[in-house]
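Here the structure comes first, spelled out in structure tokens, and everything after it is commentary.
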Amino acid sequence: MILPRWRLILAVECIFTCITSQSFPQKRQCAFKVTPQNNKYTTAGNVSGSVQLCENTQCCVGYFLIIDGQLEVDLLACDIAEKSCPDATCKAQTRFHGRLIKCVCNTDLCNRNITWIPESEDPQLNCSYSMKTAAIVLIGTLIVLCFMVVAAKWRSRFKKKKENPPSLDDYSVSPLCSCRTTKTSEIDIANIELQQIVGHGCFATVWQGKYQGSVVAVKVFPAGWKQKFIAEKEVYELPLMKHAGIVHFLGTGRKPDGGSWLIVLQFAEYGSLRSFLCKHTPNWTLSLKLCQSLSQGLSYLHSDLHRHDVHKPPVAHRDFSSSNVLVRADGTCALCDFGCSTILRSCSGHRRWQSHTTSMEGHAQLGTLRYMSPEILEGSVNLSSTWCLMQGDIYALGLLLWEIWMRCSDLFEGGIVPQHLLPYESELGANVTLESLILYVFHLDKRPSIPKHWEPQPQGSALQELLTDCWDCDPDARLTAQCVVDRLVSLQSCYSP
């Protein structure tokens, strides 16, 4: 039987596609031009003149400075790590309040051309670093599907092992959930005795006080910060939120004059993790205890629990820093300060976001700048993906583990333990800026330095691997919080003081 001509053509095309997807050897080619500041991109692939052959990605990237209304090339190269780059052409994305233009694309040499429309002009204007011929565009477009198939198979085969993320893809952005999952926890303000101030935050003052004969911490929000009070209160009031790794919530109240709002919490004798590390140099055993309890608390916060018809939804902290972690007298950590957190609710069978954050000029959250992940700093975080927000917490967790181990006395035998430093403080100073962090963390893909003398120690390689797996530039390549817990448990048998 003779096949119709159109079926024969279709069959040949399918056979060609299958063959090329399995054996097509070419790698992505990108236009290449770097400055000393972003020389890190030379490691993304082999360079030959003005062309770079990518090693680990199918994405080309371009950065252009806007100077006197004209575009000047700042960077052309292969992207450092595999990321989403659905555009076949170089589409302009404005950064730094219109001072920088970025593009990411997925065809050969596509970063050589960028289409940019100045805000002051109506007609379209093509601003090209070097004009690309129509033939290259056409050929690149035809083969991009083959490259994507090969890249997907390569990524699946060689990607590092890690826990599967929770099934959160069907969660979507929507208005706040109206259903109640727990009763409010109002307490009689007359039973609270405020004694002394122990800390100041951006939105509240923390007092040491007494409640029912016990020492407590009382977080006092001025009337103008009612929304922050409500945001934090709703996280603490979630069902099944009692866990050793989360500070124990006792209740809320309001001053009789109708002014301040109060949240009453378990008192942590050592204060914040930041203040603890400034004053103490824990040994290996205590350091590991701090790290394990810290990771267990985050793992529980991220967990999606259903027990006896009660649901604790996952929560992304979104402001995870050493100032927002408390240390108890027994040397364990407890998470606190949930004013910037995002709750994932499930009401009447519909999963939805409940977010308490406001945007910061295009960025996904208000948080502590130096602990923000590369994708959040750069503004490319996907707000429709809870997994991205969870993985932002994991990046911050890696920085916290680094902070703890940089004060561990057993990791600096024969030497002096360095004073406590915040992440990137030694590299960028005490007052970091958004621009300096984006350059250092996102463009240069650099992280806090890991001491070289850790390597020969029994646990040295495991520590380095754990840190790098937490603060990987690719959110999907980072560990889950539970996987970090498991790694830390295995470290207990790696080293005995």
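Residues are referred to by chain and number: the chain letter is A, B, ... according to the order shown in the structure tokens, the number counts from 1 in that chain, and ligands are numbered separately from 1 in the order shown.
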
Requested in this report: Write out as a ChimeraX atom specification the residues lying within 10 Å of segment 425-437 of chain A, counting only C-alpha atoms and excluding same-chain residues fewer than 3 positions away.
Outcome: /A:96,369-374,377-378,420-422,440-444,446-449

Could those selected residues go to a file with N, CA and C atoms, as a compact mmCIF listing (two decimals), in the first residue's frame?
# COMPACT_ATOMS: atom_id res chain seq x y z
N PHE A 96 18.11 47.65 37.49
CA PHE A 96 18.75 48.80 38.16
C PHE A 96 18.12 50.13 37.74
N LEU A 369 18.84 41.81 53.16
CA LEU A 369 19.44 41.84 51.83
C LEU A 369 20.53 40.80 51.65
N ARG A 370 21.47 40.70 52.59
CA ARG A 370 22.63 39.82 52.39
C ARG A 370 22.26 38.33 52.41
N TYR A 371 21.06 37.99 52.86
CA TYR A 371 20.63 36.59 52.89
C TYR A 371 19.73 36.23 51.71
N MET A 372 19.45 37.17 50.82
CA MET A 372 18.58 36.90 49.69
C MET A 372 19.32 36.05 48.65
N SER A 373 18.61 35.10 48.08
CA SER A 373 19.20 34.21 47.08
C SER A 373 19.48 34.95 45.79
N PRO A 374 20.35 34.42 44.92
CA PRO A 374 20.69 35.12 43.67
C PRO A 374 19.48 35.46 42.82
N LEU A 377 17.58 38.35 44.45
CA LEU A 377 18.34 39.59 44.28
C LEU A 377 18.18 40.15 42.87
N GLU A 378 18.28 39.27 41.88
CA GLU A 378 18.26 39.71 40.49
C GLU A 378 16.85 39.99 40.00
N HIS A 420 33.11 36.94 64.66
CA HIS A 420 31.89 36.65 63.90
C HIS A 420 31.69 37.67 62.79
N LEU A 421 31.46 37.17 61.59
CA LEU A 421 31.17 38.01 60.43
C LEU A 421 29.87 37.56 59.80
N LEU A 422 29.09 38.50 59.34
CA LEU A 422 27.90 38.17 58.58
C LEU A 422 28.30 37.75 57.17
N TYR A 440 28.25 40.43 42.81
CA TYR A 440 29.09 39.42 43.45
C TYR A 440 28.42 38.04 43.51
N VAL A 441 27.13 38.02 43.88
CA VAL A 441 26.43 36.75 44.10
C VAL A 441 25.81 36.20 42.83
N PHE A 442 25.21 37.08 42.01
CA PHE A 442 24.51 36.61 40.82
C PHE A 442 25.43 36.53 39.60
N HIS A 443 26.07 37.66 39.25
CA HIS A 443 26.90 37.68 38.05
C HIS A 443 28.19 36.89 38.22
N LEU A 444 28.89 37.09 39.33
CA LEU A 444 30.16 36.40 39.55
C LEU A 444 29.97 35.04 40.20
N LYS A 446 29.71 34.11 43.27
CA LYS A 446 30.63 33.89 44.39
C LYS A 446 29.86 33.76 45.69
N ARG A 447 30.49 33.07 46.65
CA ARG A 447 29.89 32.82 47.95
C ARG A 447 30.91 33.13 49.04
N PRO A 448 30.50 33.13 50.33
CA PRO A 448 31.48 33.34 51.40
C PRO A 448 32.61 32.31 51.30
N SER A 449 33.82 32.73 51.60
CA SER A 449 34.98 31.85 51.45
C SER A 449 34.98 30.76 52.51

**OP:** Give me the residues within 10 Å of Lys289 of chain A as an MDAnalysis selection string, counting only C-alpha atoms and dropping any in the same chain fewer than 5 places off.
**Re:** chainID A and resid 282:284 294:295 330:333 488:489 492

Exercise for review: Point out the residue among A:Val325, A:Gln391, A:Glu193, A:Gln292 with the least atom-to-atom distance to Leu491 of chain A, counting only C-alpha atoms.
Suggested key: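 Answer, going by the shortest atom-to-atom distance: A:Gln292.
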
Would you mind listing what lies within 10 Å of segment 80-84 of chain A as a list in words, with only C-alpha atoms counted and same-chain residues fewer than 6 positions away left out?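 Listed by chain and then number, they are Lys40, Tyr41, Thr42, Thr43, Ala44, Gly45, Cys54, Glu55, Asn56, Thr57, Gln58, Cys59, Cys60, Val61, Val104, Cys105, Asn106, Ala151, Arg155, Phe442, His443, Leu444, Asp445, Asp472, Cys473, Asp474, Pro475 and Asp476 of chain A.
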
Taking 4 positions as the minimum chain separation for residues in the same chain, which residues sit within 12 Å of Cys278 of chain A when counting only C-alpha atoms? Answer as a ChimeraX atom specification. /A:270-274,282,322-323,403-404,406-408,417-422

Open item on the list: I need the strand (DSSP E) residues of segment 294-469 of chain A per DSSP on the backbone, written as a PyMOL selection string.
Closed with: chain A and resi 305-307+310-312+315-316+325-327+333-335+342-347+350-355

Keeping N, CA, C and O atoms for every residue in the selection just given, could you write it to a file as an mmCIF file, in the first residue's frame?
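What follows is the written file selection31.cif:
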data_model
loop_
_atom_site.group_PDB
_atom_site.id
_atom_site.type_symbol
_atom_site.label_atom_id
_atom_site.label_comp_id
_atom_site.auth_asym_id
_atom_site.auth_seq_id
_atom_site.Cartn_x
_atom_site.Cartn_y
_atom_site.Cartn_z
ATOM 1 N N LEU A 305 1.562 19.002 56.441
ATOM 2 C CA LEU A 305 1.140 17.952 57.362
ATOM 3 C C LEU A 305 -0.378 17.834 57.424
ATOM 4 O O LEU A 305 -1.094 18.841 57.473
ATOM 5 N N HIS A 306 -0.864 16.597 57.443
ATOM 6 C CA HIS A 306 -2.286 16.290 57.628
ATOM 7 C C HIS A 306 -2.397 15.263 58.740
ATOM 8 O O HIS A 306 -1.946 14.121 58.600
ATOM 9 N N ARG A 307 -2.977 15.657 59.869
ATOM 10 C CA ARG A 307 -3.143 14.738 61.005
ATOM 11 C C ARG A 307 -4.528 14.915 61.599
ATOM 12 O O ARG A 307 -4.902 16.016 62.005
ATOM 13 N N VAL A 310 -6.670 17.664 60.457
ATOM 14 C CA VAL A 310 -6.094 18.986 60.671
ATOM 15 C C VAL A 310 -4.925 19.162 59.704
ATOM 16 O O VAL A 310 -4.134 18.234 59.512
ATOM 17 N N HIS A 311 -4.827 20.344 59.136
ATOM 18 C CA HIS A 311 -3.812 20.578 58.103
ATOM 19 C C HIS A 311 -2.881 21.716 58.491
ATOM 20 O O HIS A 311 -3.326 22.823 58.797
ATOM 21 N N LYS A 312 -1.566 21.438 58.500
ATOM 22 C CA LYS A 312 -0.562 22.497 58.587
ATOM 23 C C LYS A 312 0.026 22.686 57.194
ATOM 24 O O LYS A 312 0.752 21.838 56.699
ATOM 25 N N VAL A 315 5.063 26.574 54.832
ATOM 26 C CA VAL A 315 5.317 27.995 55.030
ATOM 27 C C VAL A 315 6.744 28.292 54.577
ATOM 28 O O VAL A 315 7.685 27.594 54.967
ATOM 29 N N ALA A 316 6.900 29.293 53.744
ATOM 30 C CA ALA A 316 8.236 29.789 53.383
ATOM 31 C C ALA A 316 8.554 30.973 54.289
ATOM 32 O O ALA A 316 7.762 31.906 54.388
ATOM 33 N N VAL A 325 16.673 33.936 64.248
ATOM 34 C CA VAL A 325 16.778 32.612 64.863
ATOM 35 C C VAL A 325 17.201 32.819 66.319
ATOM 36 O O VAL A 325 18.109 33.618 66.587
ATOM 37 N N LEU A 326 16.540 32.133 67.248
ATOM 38 C CA LEU A 326 16.850 32.265 68.670
ATOM 39 C C LEU A 326 17.629 31.047 69.153
ATOM 40 O O LEU A 326 17.523 29.957 68.585
ATOM 41 N N VAL A 327 18.413 31.241 70.226
ATOM 42 C CA VAL A 327 19.187 30.146 70.812
ATOM 43 C C VAL A 327 18.756 29.977 72.273
ATOM 44 O O VAL A 327 18.810 30.925 73.060
ATOM 45 N N CYS A 333 18.390 25.741 68.459
ATOM 46 C CA CYS A 333 17.861 26.912 67.760
ATOM 47 C C CYS A 333 16.350 26.819 67.605
ATOM 48 O O CYS A 333 15.775 25.721 67.549
ATOM 49 N N ALA A 334 15.720 27.975 67.515
ATOM 50 C CA ALA A 334 14.286 28.049 67.266
ATOM 51 C C ALA A 334 14.014 29.186 66.293
ATOM 52 O O ALA A 334 14.483 30.313 66.486
ATOM 53 N N LEU A 335 13.256 28.915 65.242
ATOM 54 C CA LEU A 335 12.914 29.923 64.244
ATOM 55 C C LEU A 335 11.876 30.888 64.803
ATOM 56 O O LEU A 335 10.993 30.498 65.573
ATOM 57 N N THR A 342 5.277 33.402 53.786
ATOM 58 C CA THR A 342 4.197 33.056 52.873
ATOM 59 C C THR A 342 3.602 31.725 53.297
ATOM 60 O O THR A 342 4.317 30.740 53.449
ATOM 61 N N ILE A 343 2.286 31.717 53.496
ATOM 62 C CA ILE A 343 1.565 30.494 53.879
ATOM 63 C C ILE A 343 0.904 29.921 52.639
ATOM 64 O O ILE A 343 0.353 30.657 51.824
ATOM 65 N N LEU A 344 0.920 28.610 52.521
ATOM 66 C CA LEU A 344 0.219 27.925 51.439
ATOM 67 C C LEU A 344 -0.998 27.247 52.043
ATOM 68 O O LEU A 344 -0.862 26.275 52.773
ATOM 69 N N ARG A 345 -2.168 27.772 51.764
ATOM 70 C CA ARG A 345 -3.381 27.228 52.363
ATOM 71 C C ARG A 345 -4.109 26.296 51.400
ATOM 72 O O ARG A 345 -3.903 26.334 50.198
ATOM 73 N N SER A 346 -5.007 25.497 51.956
ATOM 74 C CA SER A 346 -5.873 24.641 51.159
ATOM 75 C C SER A 346 -7.275 24.755 51.734
ATOM 76 O O SER A 346 -7.527 24.309 52.851
ATOM 77 N N CYS A 347 -8.173 25.383 50.993
ATOM 78 C CA CYS A 347 -9.524 25.617 51.491
ATOM 79 C C CYS A 347 -10.545 25.074 50.502
ATOM 80 O O CYS A 347 -10.506 25.424 49.327
ATOM 81 N N HIS A 350 -9.302 23.843 47.238
ATOM 82 C CA HIS A 350 -8.562 24.741 46.358
ATOM 83 C C HIS A 350 -7.298 25.208 47.048
ATOM 84 O O HIS A 350 -7.346 25.810 48.108
ATOM 85 N N ARG A 351 -6.164 24.945 46.478
ATOM 86 C CA ARG A 351 -4.882 25.371 47.034
ATOM 87 C C ARG A 351 -4.578 26.783 46.588
ATOM 88 O O ARG A 351 -4.773 27.128 45.442
ATOM 89 N N ARG A 352 -4.084 27.570 47.523
ATOM 90 C CA ARG A 352 -3.848 28.967 47.167
ATOM 91 C C ARG A 352 -2.785 29.573 48.059
ATOM 92 O O ARG A 352 -2.529 29.107 49.156
ATOM 93 N N TRP A 353 -2.206 30.659 47.546
ATOM 94 C CA TRP A 353 -1.210 31.413 48.294
ATOM 95 C C TRP A 353 -1.874 32.283 49.335
ATOM 96 O O TRP A 353 -2.935 32.827 49.119
ATOM 97 N N GLN A 354 -1.175 32.488 50.445
ATOM 98 C CA GLN A 354 -1.492 33.596 51.339
ATOM 99 C C GLN A 354 -0.180 34.262 51.647
ATOM 100 O O GLN A 354 0.658 33.734 52.369
ATOM 101 N N SER A 355 0.042 35.425 51.061
ATOM 102 C CA SER A 355 1.327 36.094 51.185
ATOM 103 C C SER A 355 1.194 37.366 51.992
ATOM 104 O O SER A 355 0.247 38.123 51.817
#

Expressed in Å, the length from atom CA of Asn111 of chain A to atom CA of Thr89 of chain A is 7.5 Å

- Item | Nearest residue to His302 of chain A from the set A:Asp87, A:Asp257, A:Asp74, A:Asp393 (distances using only C-alpha atoms) |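 So, comparing all the options, the nearest one is A:Asp393.
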